[in-house]
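S.K.: Next comes the structure file protein_27.cif, holding mmCIF, N, CA and C atoms.
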data_upload
loop_
_atom_site.label_atom_id
_atom_site.label_comp_id
_atom_site.auth_asym_id
_atom_site.auth_seq_id
_atom_site.Cartn_x
_atom_site.Cartn_y
_atom_site.Cartn_z
N GLN A 1 93.40 101.69 117.53
CA GLN A 1 92.27 102.20 116.79
C GLN A 1 92.39 103.72 116.67
N VAL A 2 92.13 104.22 115.46
CA VAL A 2 92.25 105.65 115.19
C VAL A 2 90.86 106.27 115.12
N GLN A 3 90.70 107.41 115.76
CA GLN A 3 89.44 108.16 115.68
C GLN A 3 89.72 109.59 115.27
N LEU A 4 88.88 110.10 114.38
CA LEU A 4 88.94 111.51 113.99
C LEU A 4 87.62 112.15 114.40
N VAL A 5 87.71 113.27 115.10
CA VAL A 5 86.51 113.94 115.59
C VAL A 5 86.51 115.38 115.10
N GLU A 6 85.48 115.71 114.32
CA GLU A 6 85.34 117.07 113.80
C GLU A 6 84.49 117.92 114.72
N SER A 7 84.72 119.22 114.64
CA SER A 7 83.88 120.18 115.36
C SER A 7 83.91 121.51 114.61
N GLY A 8 82.92 122.35 114.91
CA GLY A 8 82.92 123.69 114.34
C GLY A 8 81.89 123.94 113.26
N GLY A 9 81.16 122.92 112.86
CA GLY A 9 80.13 123.14 111.85
C GLY A 9 78.96 123.92 112.42
N GLY A 10 78.04 124.33 111.54
CA GLY A 10 76.88 125.06 111.98
C GLY A 10 76.23 125.83 110.87
N LEU A 11 75.36 126.75 111.25
CA LEU A 11 74.63 127.58 110.31
C LEU A 11 75.24 128.97 110.26
N VAL A 12 75.47 129.46 109.05
CA VAL A 12 76.06 130.78 108.88
C VAL A 12 75.44 131.44 107.66
N GLN A 13 75.38 132.75 107.66
CA GLN A 13 74.87 133.47 106.50
C GLN A 13 75.93 133.58 105.42
N ALA A 14 75.48 133.71 104.21
CA ALA A 14 76.41 133.89 103.09
C ALA A 14 77.32 135.09 103.37
N GLY A 15 78.61 134.90 103.06
CA GLY A 15 79.59 135.93 103.34
C GLY A 15 80.27 135.77 104.68
N GLY A 16 79.74 134.90 105.51
CA GLY A 16 80.30 134.69 106.83
C GLY A 16 81.45 133.71 106.84
N SER A 17 81.89 133.38 108.06
CA SER A 17 83.05 132.50 108.24
C SER A 17 82.75 131.42 109.27
N LEU A 18 83.42 130.30 109.11
CA LEU A 18 83.42 129.22 110.08
C LEU A 18 84.81 128.61 110.12
N ARG A 19 85.14 128.03 111.26
CA ARG A 19 86.40 127.33 111.39
C ARG A 19 86.12 125.91 111.87
N LEU A 20 86.52 124.96 111.06
CA LEU A 20 86.37 123.55 111.41
C LEU A 20 87.66 123.04 112.04
N SER A 21 87.50 122.16 113.00
CA SER A 21 88.64 121.54 113.65
C SER A 21 88.49 120.03 113.60
N CYS A 22 89.61 119.34 113.57
CA CYS A 22 89.60 117.88 113.58
C CYS A 22 90.76 117.41 114.44
N ALA A 23 90.44 116.57 115.40
CA ALA A 23 91.45 116.01 116.28
C ALA A 23 91.49 114.50 116.11
N ALA A 24 92.68 113.99 115.88
CA ALA A 24 92.88 112.56 115.74
C ALA A 24 93.43 111.97 117.02
N SER A 25 92.98 110.78 117.34
CA SER A 25 93.51 110.08 118.51
C SER A 25 93.69 108.62 118.15
N GLY A 26 94.53 107.95 118.91
CA GLY A 26 94.75 106.55 118.65
C GLY A 26 96.22 106.20 118.58
N SER A 27 96.47 105.03 118.00
CA SER A 27 97.80 104.44 118.08
C SER A 27 98.79 104.99 117.07
N ILE A 28 98.31 105.70 116.07
CA ILE A 28 99.24 106.21 115.05
C ILE A 28 99.82 107.53 115.53
N PHE A 29 101.14 107.63 115.45
CA PHE A 29 101.81 108.81 115.98
C PHE A 29 101.60 110.03 115.11
N SER A 30 101.63 109.84 113.81
CA SER A 30 101.46 110.99 112.93
C SER A 30 100.90 110.52 111.59
N PHE A 31 100.40 111.46 110.82
CA PHE A 31 99.84 111.18 109.51
C PHE A 31 100.59 111.98 108.47
N TYR A 32 100.79 111.37 107.31
CA TYR A 32 101.46 112.09 106.23
C TYR A 32 100.60 113.24 105.73
N ALA A 33 99.32 112.99 105.50
CA ALA A 33 98.43 114.02 104.99
C ALA A 33 97.15 114.04 105.80
N MET A 34 96.62 115.22 106.02
CA MET A 34 95.32 115.39 106.65
C MET A 34 94.57 116.47 105.88
N GLY A 35 93.26 116.41 105.97
CA GLY A 35 92.50 117.42 105.25
C GLY A 35 91.02 117.21 105.35
N TRP A 36 90.33 117.75 104.36
CA TRP A 36 88.87 117.81 104.40
C TRP A 36 88.26 117.46 103.04
N TYR A 37 87.20 116.70 103.11
CA TYR A 37 86.32 116.45 101.98
C TYR A 37 84.94 116.99 102.37
N ARG A 38 84.09 117.12 101.37
CA ARG A 38 82.71 117.50 101.65
C ARG A 38 81.76 116.77 100.71
N GLN A 39 80.54 116.61 101.21
CA GLN A 39 79.52 115.93 100.42
C GLN A 39 78.20 116.68 100.57
N ALA A 40 77.74 117.23 99.47
CA ALA A 40 76.45 117.92 99.45
C ALA A 40 75.35 116.88 99.18
N PRO A 41 74.13 117.18 99.52
CA PRO A 41 73.03 116.23 99.30
C PRO A 41 72.94 115.81 97.84
N GLY A 42 72.90 114.51 97.61
CA GLY A 42 72.77 113.99 96.27
C GLY A 42 74.02 114.04 95.42
N LYS A 43 75.14 114.41 96.03
CA LYS A 43 76.38 114.53 95.27
C LYS A 43 77.45 113.62 95.86
N GLN A 44 78.53 113.45 95.13
CA GLN A 44 79.63 112.63 95.61
C GLN A 44 80.48 113.41 96.60
N ARG A 45 81.31 112.68 97.33
CA ARG A 45 82.23 113.30 98.27
C ARG A 45 83.44 113.82 97.51
N ASP A 46 83.75 115.09 97.68
CA ASP A 46 84.85 115.72 96.93
C ASP A 46 85.89 116.30 97.87
N LEU A 47 87.11 116.31 97.39
CA LEU A 47 88.20 116.92 98.14
C LEU A 47 87.99 118.42 98.26
N VAL A 48 88.21 118.95 99.45
CA VAL A 48 88.18 120.40 99.67
C VAL A 48 89.59 120.93 99.80
N ALA A 49 90.35 120.36 100.72
CA ALA A 49 91.72 120.84 100.95
C ALA A 49 92.49 119.79 101.70
N THR A 50 93.80 119.78 101.48
CA THR A 50 94.66 118.84 102.16
C THR A 50 95.99 119.50 102.47
N VAL A 51 96.64 119.02 103.53
CA VAL A 51 97.95 119.53 103.91
C VAL A 51 98.82 118.36 104.35
N THR A 52 100.05 118.33 103.86
CA THR A 52 100.96 117.25 104.23
C THR A 52 101.74 117.61 105.49
N SER A 53 102.45 116.62 105.99
CA SER A 53 103.28 116.85 107.18
C SER A 53 104.37 117.86 106.89
N GLY A 54 104.74 118.02 105.63
CA GLY A 54 105.75 119.01 105.25
C GLY A 54 105.19 120.39 105.01
N GLY A 55 103.87 120.51 105.08
CA GLY A 55 103.24 121.82 104.94
C GLY A 55 102.72 122.13 103.54
N SER A 56 102.84 121.20 102.61
CA SER A 56 102.30 121.43 101.28
C SER A 56 100.79 121.35 101.31
N THR A 57 100.14 122.26 100.61
CA THR A 57 98.69 122.30 100.60
C THR A 57 98.14 122.16 99.19
N LYS A 58 96.90 121.69 99.14
CA LYS A 58 96.19 121.57 97.87
C LYS A 58 94.73 121.92 98.14
N TYR A 59 94.14 122.66 97.20
CA TYR A 59 92.75 123.10 97.36
C TYR A 59 91.93 122.78 96.11
N ALA A 60 90.66 122.52 96.33
CA ALA A 60 89.74 122.45 95.20
C ALA A 60 89.60 123.84 94.61
N ASP A 61 89.43 123.91 93.31
CA ASP A 61 89.32 125.21 92.64
C ASP A 61 88.19 126.05 93.22
N LEU A 62 87.11 125.39 93.61
CA LEU A 62 85.93 126.12 94.09
C LEU A 62 86.18 126.87 95.40
N VAL A 63 87.21 126.49 96.15
CA VAL A 63 87.43 127.11 97.45
C VAL A 63 88.73 127.90 97.53
N LYS A 64 89.51 127.88 96.47
CA LYS A 64 90.79 128.61 96.48
C LYS A 64 90.55 130.09 96.76
N GLY A 65 91.37 130.63 97.66
CA GLY A 65 91.25 132.04 98.01
C GLY A 65 90.24 132.32 99.09
N ARG A 66 89.41 131.33 99.43
CA ARG A 66 88.40 131.52 100.48
C ARG A 66 88.64 130.61 101.69
N PHE A 67 89.16 129.44 101.46
CA PHE A 67 89.40 128.47 102.54
C PHE A 67 90.90 128.33 102.77
N THR A 68 91.26 128.06 104.03
CA THR A 68 92.65 127.83 104.39
C THR A 68 92.75 126.61 105.29
N VAL A 69 93.56 125.65 104.87
CA VAL A 69 93.77 124.44 105.67
C VAL A 69 95.10 124.58 106.41
N SER A 70 95.12 124.08 107.65
CA SER A 70 96.35 124.18 108.44
C SER A 70 96.43 123.03 109.42
N ARG A 71 97.64 122.79 109.91
CA ARG A 71 97.87 121.79 110.94
C ARG A 71 98.72 122.43 112.02
N ASP A 72 98.49 122.03 113.27
CA ASP A 72 99.34 122.57 114.34
C ASP A 72 100.23 121.51 114.94
N ASN A 73 100.00 120.26 114.57
CA ASN A 73 100.90 119.17 114.97
C ASN A 73 100.57 117.96 114.10
N ALA A 74 101.00 116.80 114.52
CA ALA A 74 100.83 115.63 113.66
C ALA A 74 99.40 115.14 113.60
N LYS A 75 98.54 115.59 114.53
CA LYS A 75 97.23 114.97 114.62
C LYS A 75 96.06 115.94 114.59
N ASN A 76 96.28 117.21 114.46
CA ASN A 76 95.17 118.17 114.41
C ASN A 76 95.19 118.93 113.09
N VAL A 77 94.02 119.08 112.50
CA VAL A 77 93.92 119.83 111.25
C VAL A 77 92.71 120.76 111.34
N TYR A 78 92.82 121.89 110.63
CA TYR A 78 91.79 122.91 110.70
C TYR A 78 91.42 123.36 109.29
N LEU A 79 90.22 123.91 109.18
CA LEU A 79 89.79 124.50 107.92
C LEU A 79 89.11 125.83 108.24
N GLN A 80 89.77 126.91 107.87
CA GLN A 80 89.18 128.23 108.01
C GLN A 80 88.43 128.54 106.73
N MET A 81 87.14 128.80 106.87
CA MET A 81 86.29 129.03 105.71
C MET A 81 85.75 130.45 105.76
N ASP A 82 86.13 131.24 104.81
CA ASP A 82 85.69 132.64 104.72
C ASP A 82 84.87 132.86 103.45
N SER A 83 84.15 133.96 103.42
CA SER A 83 83.33 134.30 102.25
C SER A 83 82.47 133.12 101.83
N LEU A 84 81.82 132.52 102.78
CA LEU A 84 81.03 131.32 102.51
C LEU A 84 79.86 131.62 101.58
N LYS A 85 79.55 130.63 100.76
CA LYS A 85 78.47 130.73 99.78
C LYS A 85 77.46 129.62 100.05
N PRO A 86 76.22 129.81 99.63
CA PRO A 86 75.23 128.74 99.83
C PRO A 86 75.67 127.41 99.24
N GLU A 87 76.41 127.45 98.15
CA GLU A 87 76.87 126.20 97.53
C GLU A 87 77.96 125.50 98.33
N ASP A 88 78.44 126.11 99.38
CA ASP A 88 79.38 125.44 100.28
C ASP A 88 78.66 124.55 101.29
N THR A 89 77.35 124.61 101.29
CA THR A 89 76.57 123.77 102.20
C THR A 89 76.83 122.30 101.92
N ALA A 90 77.24 121.58 102.96
CA ALA A 90 77.59 120.16 102.82
C ALA A 90 77.95 119.60 104.19
N VAL A 91 78.09 118.30 104.22
CA VAL A 91 78.72 117.66 105.37
C VAL A 91 80.22 117.61 105.08
N TYR A 92 81.00 118.12 106.02
CA TYR A 92 82.45 118.18 105.86
C TYR A 92 83.09 117.07 106.68
N TYR A 93 83.93 116.29 106.01
CA TYR A 93 84.58 115.15 106.63
C TYR A 93 86.08 115.39 106.74
N CYS A 94 86.59 115.13 107.90
CA CYS A 94 88.03 115.15 108.12
C CYS A 94 88.61 113.81 107.69
N TYR A 95 89.79 113.84 107.11
CA TYR A 95 90.45 112.58 106.78
C TYR A 95 91.93 112.68 107.13
N ALA A 96 92.53 111.51 107.31
CA ALA A 96 93.97 111.43 107.58
C ALA A 96 94.53 110.23 106.85
N PHE A 97 95.67 110.43 106.22
CA PHE A 97 96.31 109.37 105.46
C PHE A 97 97.62 108.98 106.12
N ASN A 98 97.75 107.69 106.42
CA ASN A 98 98.96 107.17 107.01
C ASN A 98 99.75 106.44 105.92
N ASN A 99 100.87 106.98 105.50
CA ASN A 99 101.60 106.34 104.42
C ASN A 99 102.33 105.08 104.87
N ALA A 100 102.44 104.86 106.17
CA ALA A 100 103.09 103.64 106.66
C ALA A 100 102.25 102.41 106.37
N ASN A 101 100.93 102.53 106.47
CA ASN A 101 100.07 101.38 106.17
C ASN A 101 99.15 101.61 104.98
N GLY A 102 99.24 102.79 104.38
CA GLY A 102 98.45 103.07 103.18
C GLY A 102 96.97 103.26 103.42
N LEU A 103 96.57 103.52 104.66
CA LEU A 103 95.15 103.63 104.98
C LEU A 103 94.71 105.08 105.14
N ASN A 104 93.45 105.31 104.72
CA ASN A 104 92.78 106.57 105.01
C ASN A 104 91.85 106.37 106.20
N TYR A 105 91.79 107.34 107.05
CA TYR A 105 90.89 107.33 108.19
C TYR A 105 89.93 108.52 108.04
N TRP A 106 88.70 108.32 108.50
CA TRP A 106 87.66 109.33 108.30
C TRP A 106 86.95 109.66 109.60
N GLY A 107 86.57 110.94 109.73
CA GLY A 107 85.66 111.34 110.79
C GLY A 107 84.23 111.08 110.38
N LYS A 108 83.31 111.36 111.29
CA LYS A 108 81.89 111.12 111.02
C LYS A 108 81.24 112.28 110.30
N GLY A 109 81.90 113.41 110.24
CA GLY A 109 81.39 114.55 109.50
C GLY A 109 80.73 115.59 110.38
N THR A 110 80.78 116.83 109.89
CA THR A 110 80.11 117.94 110.57
C THR A 110 79.38 118.76 109.50
N LEU A 111 78.14 119.13 109.80
CA LEU A 111 77.31 119.79 108.82
C LEU A 111 77.57 121.30 108.81
N VAL A 112 77.79 121.82 107.62
CA VAL A 112 77.91 123.26 107.41
C VAL A 112 76.76 123.69 106.52
N THR A 113 75.97 124.65 107.00
CA THR A 113 74.85 125.16 106.23
C THR A 113 75.03 126.66 106.05
N VAL A 114 75.03 127.08 104.80
CA VAL A 114 75.18 128.50 104.49
C VAL A 114 73.87 129.02 103.90
N SER A 115 73.26 129.96 104.59
CA SER A 115 71.98 130.50 104.13
C SER A 115 72.20 131.74 103.26
N SER A 116 71.29 131.91 102.31
CA SER A 116 71.43 133.05 101.38
C SER A 116 70.74 134.29 101.92
#
Write the structure described by the file as structure tokens, please.

M.R.:
Amino acid sequence: QVQLVESGGGLVQAGGSLRLSCAASGSIFSFYAMGWYRQAPGKQRDLVATVTSGGSTKYADLVKGRFTVSRDNAKNVYLQMDSLKPEDTAVYYCYAFNNANGLNYWGKGTLVTVSS
């Protein structure tokens, strides 16, 4: 069984920074891709950033230049969020994709609130 646990969410003023962390545990040794989605109230869940095992990254246009996704091994992923805006307020979900079985795994989410 695979579990993803996020941490680092909270309340921050506009212009501030937060760093989200996600740790995966379980029977899978490594994941091809890991990253972050977010879901604001009343909206769909959207991709924020992703990083592959080879180090390739992809960002949503809305966060380019402000957010940085990184991995330090096969099972941990981070999201450094700078210059935060009120519109970044959302629940942030960690995900991991295992290309061996084609499955996505999800964390329970961590709330980020940016006040104006």

S.K.: Excluding same-chain residues fewer than 5 positions from Asp72 in chain A, what lies within 10 Å of it counting only C-alpha atoms, as a compact mmCIF listing (two decimals) with N, CA and C atoms, keeping the file's coordinate frame?

M.R.:
# COMPACT_ATOMS: atom_id res chain seq x y z
N SER A 53 102.45 116.62 105.99
CA SER A 53 103.28 116.85 107.18
C SER A 53 104.37 117.86 106.89
N VAL A 77 94.02 119.08 112.50
CA VAL A 77 93.92 119.83 111.25
C VAL A 77 92.71 120.76 111.34
N TYR A 78 92.82 121.89 110.63
CA TYR A 78 91.79 122.91 110.70
C TYR A 78 91.42 123.36 109.29

S.K.: Counting all atoms listed in the file, which of A:Gln13, A:Ser21, A:Gln80, A:Thr110 gets nearest to Tyr93 in chain A?

M.R.: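 The answer is A:Thr110, which sits nearest to Tyr93 in chain A.
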
S.K.: Compile the contact shell of Gly26 in chain A as a list in words: residues with an atom at most 7 Å away, counting only N, CA and C atoms, same-chain residues fewer than 4 positions apart removed.

M.R.: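 Once the adjacent positions are removed, what remains is Gln1, Val2 and Gln3 of chain A.
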
S.K.: Counting all atoms listed in the file, write as an mmCIF file with N, CA and C atoms, keeping the file's coordinate frame all protein and nucleic acid residues lying at most 8 Å from (87.9, 124.5, 108.3) in the file's frame.

M.R.:
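Here's the written file out_25.cif:
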data_model
loop_
_atom_site.group_PDB
_atom_site.id
_atom_site.type_symbol
_atom_site.label_atom_id
_atom_site.label_comp_id
_atom_site.auth_asym_id
_atom_site.auth_seq_id
_atom_site.Cartn_x
_atom_site.Cartn_y
_atom_site.Cartn_z
ATOM 1 N N GLY A 8 82.920 122.350 114.910
ATOM 2 C CA GLY A 8 82.920 123.690 114.340
ATOM 3 C C GLY A 8 81.890 123.940 113.260
ATOM 4 N N LEU A 18 83.420 130.300 109.110
ATOM 5 C CA LEU A 18 83.420 129.220 110.080
ATOM 6 C C LEU A 18 84.810 128.610 110.120
ATOM 7 N N ARG A 19 85.140 128.030 111.260
ATOM 8 C CA ARG A 19 86.400 127.330 111.390
ATOM 9 C C ARG A 19 86.120 125.910 111.870
ATOM 10 N N LEU A 20 86.520 124.960 111.060
ATOM 11 C CA LEU A 20 86.370 123.550 111.410
ATOM 12 C C LEU A 20 87.660 123.040 112.040
ATOM 13 N N SER A 21 87.500 122.160 113.000
ATOM 14 C CA SER A 21 88.640 121.540 113.650
ATOM 15 C C SER A 21 88.490 120.030 113.600
ATOM 16 N N CYS A 22 89.610 119.340 113.570
ATOM 17 C CA CYS A 22 89.600 117.880 113.580
ATOM 18 C C CYS A 22 90.760 117.410 114.440
ATOM 19 N N TRP A 36 90.330 117.750 104.360
ATOM 20 C CA TRP A 36 88.870 117.810 104.400
ATOM 21 C C TRP A 36 88.260 117.460 103.040
ATOM 22 N N PHE A 67 89.160 129.440 101.460
ATOM 23 C CA PHE A 67 89.400 128.470 102.540
ATOM 24 C C PHE A 67 90.900 128.330 102.770
ATOM 25 N N THR A 68 91.260 128.060 104.030
ATOM 26 C CA THR A 68 92.650 127.830 104.390
ATOM 27 C C THR A 68 92.750 126.610 105.290
ATOM 28 N N VAL A 69 93.560 125.650 104.870
ATOM 29 C CA VAL A 69 93.770 124.440 105.670
ATOM 30 C C VAL A 69 95.100 124.580 106.410
ATOM 31 N N SER A 70 95.120 124.080 107.650
ATOM 32 C CA SER A 70 96.350 124.180 108.440
ATOM 33 C C SER A 70 96.430 123.030 109.420
ATOM 34 N N VAL A 77 94.020 119.080 112.500
ATOM 35 C CA VAL A 77 93.920 119.830 111.250
ATOM 36 C C VAL A 77 92.710 120.760 111.340
ATOM 37 N N TYR A 78 92.820 121.890 110.630
ATOM 38 C CA TYR A 78 91.790 122.910 110.700
ATOM 39 C C TYR A 78 91.420 123.360 109.290
ATOM 40 N N LEU A 79 90.220 123.910 109.180
ATOM 41 C CA LEU A 79 89.790 124.500 107.920
ATOM 42 C C LEU A 79 89.110 125.830 108.240
ATOM 43 N N GLN A 80 89.770 126.910 107.870
ATOM 44 C CA GLN A 80 89.180 128.230 108.010
ATOM 45 C C GLN A 80 88.430 128.540 106.730
ATOM 46 N N MET A 81 87.140 128.800 106.870
ATOM 47 C CA MET A 81 86.290 129.030 105.710
ATOM 48 C C MET A 81 85.750 130.450 105.760
ATOM 49 N N ASP A 82 86.130 131.240 104.810
ATOM 50 C CA ASP A 82 85.690 132.640 104.720
ATOM 51 C C ASP A 82 84.870 132.860 103.450
#

S.K.: For Ser7 in chain A, which residue out of A:Asn98, A:Arg66, A:Val114, A:Asn76 is the nearest one, using only C-alpha atoms?

M.R.: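 The shortest atom-to-atom distance to Ser7 in chain A comes from A:Asn76.
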
S.K.: Identify all residues satisfying the PyMOL selection byres ((chain A and resi 106) around 6) in the given file; provide them as a PyMOL selection string.

M.R.: chain A and resi 4+94-96+104-105+107-108

S.K.: I'd like to know which of A:Lys64, A:Arg45, A:Lys85, A:Lys75 is closest to Thr113 in chain A, using all atoms listed in the file.

M.R.: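 Result for the nearest residue to Thr113 in chain A: A:Lys85.
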
S.K.: Mind giving me the straight-line distance from CA of Ser83 in chain A to atom N of Gly65 in chain A in Å, one decimal?

M.R.: 10.0 Å

S.K.: Just the residues within 6 Å of Val91 in chain A, please, counting only N, CA and C atoms, with nothing from its chain fewer than 5 positions along; format it as a list in words.

M.R.: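 Counting only the stated atoms, we get Tyr37, Arg38, Gln39, Ala40, Gly109, Thr110, Leu111 and Val112 of chain A.
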
S.K.: Enclose all atoms of range 46-49 of chain A listed in the file in an axis-aligned box, grow every side by 6 Å, and hand back centre and edge lengths in Å to one decimal, as AutoDock Vina command-line options.

M.R.:
--center_x 88.1 --center_y 118.0 --center_z 99.3 --size_x 20.7 --size_y 17.8 --size_z 16.8

S.K.: Name the residues of chain A that come out as helix (DSSP H, G or I) in a backbone DSSP run; write them as a PyMOL selection string.

M.R.: chain A and resi 61-63+86-88

S.K.: Please write as a PyMOL selection string the full residue list that the PyMOL selection byres (((chain A and resi 33 and name CA) around 8) and name CA) yields on this file.

M.R.: chain A and resi 31-32+34-35+50-53+96-98

S.K.: Hey, can you spit out that residue selection with N, CA and C atoms as an mmCIF file, keeping the file's coordinate frame?

M.R.:
data_model
loop_
_atom_site.group_PDB
_atom_site.id
_atom_site.type_symbol
_atom_site.label_atom_id
_atom_site.label_comp_id
_atom_site.auth_asym_id
_atom_site.auth_seq_id
_atom_site.Cartn_x
_atom_site.Cartn_y
_atom_site.Cartn_z
ATOM 1 N N PHE A 31 100.400 111.460 110.820
ATOM 2 C CA PHE A 31 99.840 111.180 109.510
ATOM 3 C C PHE A 31 100.590 111.980 108.470
ATOM 4 N N TYR A 32 100.790 111.370 107.310
ATOM 5 C CA TYR A 32 101.460 112.090 106.230
ATOM 6 C C TYR A 32 100.600 113.240 105.730
ATOM 7 N N MET A 34 96.620 115.220 106.020
ATOM 8 C CA MET A 34 95.320 115.390 106.650
ATOM 9 C C MET A 34 94.570 116.470 105.880
ATOM 10 N N GLY A 35 93.260 116.410 105.970
ATOM 11 C CA GLY A 35 92.500 117.420 105.250
ATOM 12 C C GLY A 35 91.020 117.210 105.350
ATOM 13 N N THR A 50 93.800 119.780 101.480
ATOM 14 C CA THR A 50 94.660 118.840 102.160
ATOM 15 C C THR A 50 95.990 119.500 102.470
ATOM 16 N N VAL A 51 96.640 119.020 103.530
ATOM 17 C CA VAL A 51 97.950 119.530 103.910
ATOM 18 C C VAL A 51 98.820 118.360 104.350
ATOM 19 N N THR A 52 100.050 118.330 103.860
ATOM 20 C CA THR A 52 100.960 117.250 104.230
ATOM 21 C C THR A 52 101.740 117.610 105.490
ATOM 22 N N SER A 53 102.450 116.620 105.990
ATOM 23 C CA SER A 53 103.280 116.850 107.180
ATOM 24 C C SER A 53 104.370 117.860 106.890
ATOM 25 N N ALA A 96 92.530 111.510 107.310
ATOM 26 C CA ALA A 96 93.970 111.430 107.580
ATOM 27 C C ALA A 96 94.530 110.230 106.850
ATOM 28 N N PHE A 97 95.670 110.430 106.220
ATOM 29 C CA PHE A 97 96.310 109.370 105.460
ATOM 30 C C PHE A 97 97.620 108.980 106.120
ATOM 31 N N ASN A 98 97.750 107.690 106.420
ATOM 32 C CA ASN A 98 98.960 107.170 107.010
ATOM 33 C C ASN A 98 99.750 106.440 105.920
#

S.K.: Among the residues of range 52-85 of chain A, find those DSSP assigns to strand (DSSP E) from the backbone and print them as a list in words.

M.R.: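 Result set for range 52-85 of chain A (strand (DSSP E)): Thr52, Thr57, Lys58, Tyr59, Phe67, Thr68, Val69, Ser70, Arg71, Asn76, Val77, Tyr78, Leu79, Gln80 and Met81 of chain A.
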
S.K.: Could you tell me, as a ChimeraX atom specification, which residues have any atom at most 9 Å from (104.0, 104.8, 108.5), counting only C-alpha atoms?

M.R.: /A:28-32,98-102

S.K.: Any idea what the distance is between atom N of Tyr92 in chain A and atom N of Gly42 in chain A?

M.R.: 12.2 Å
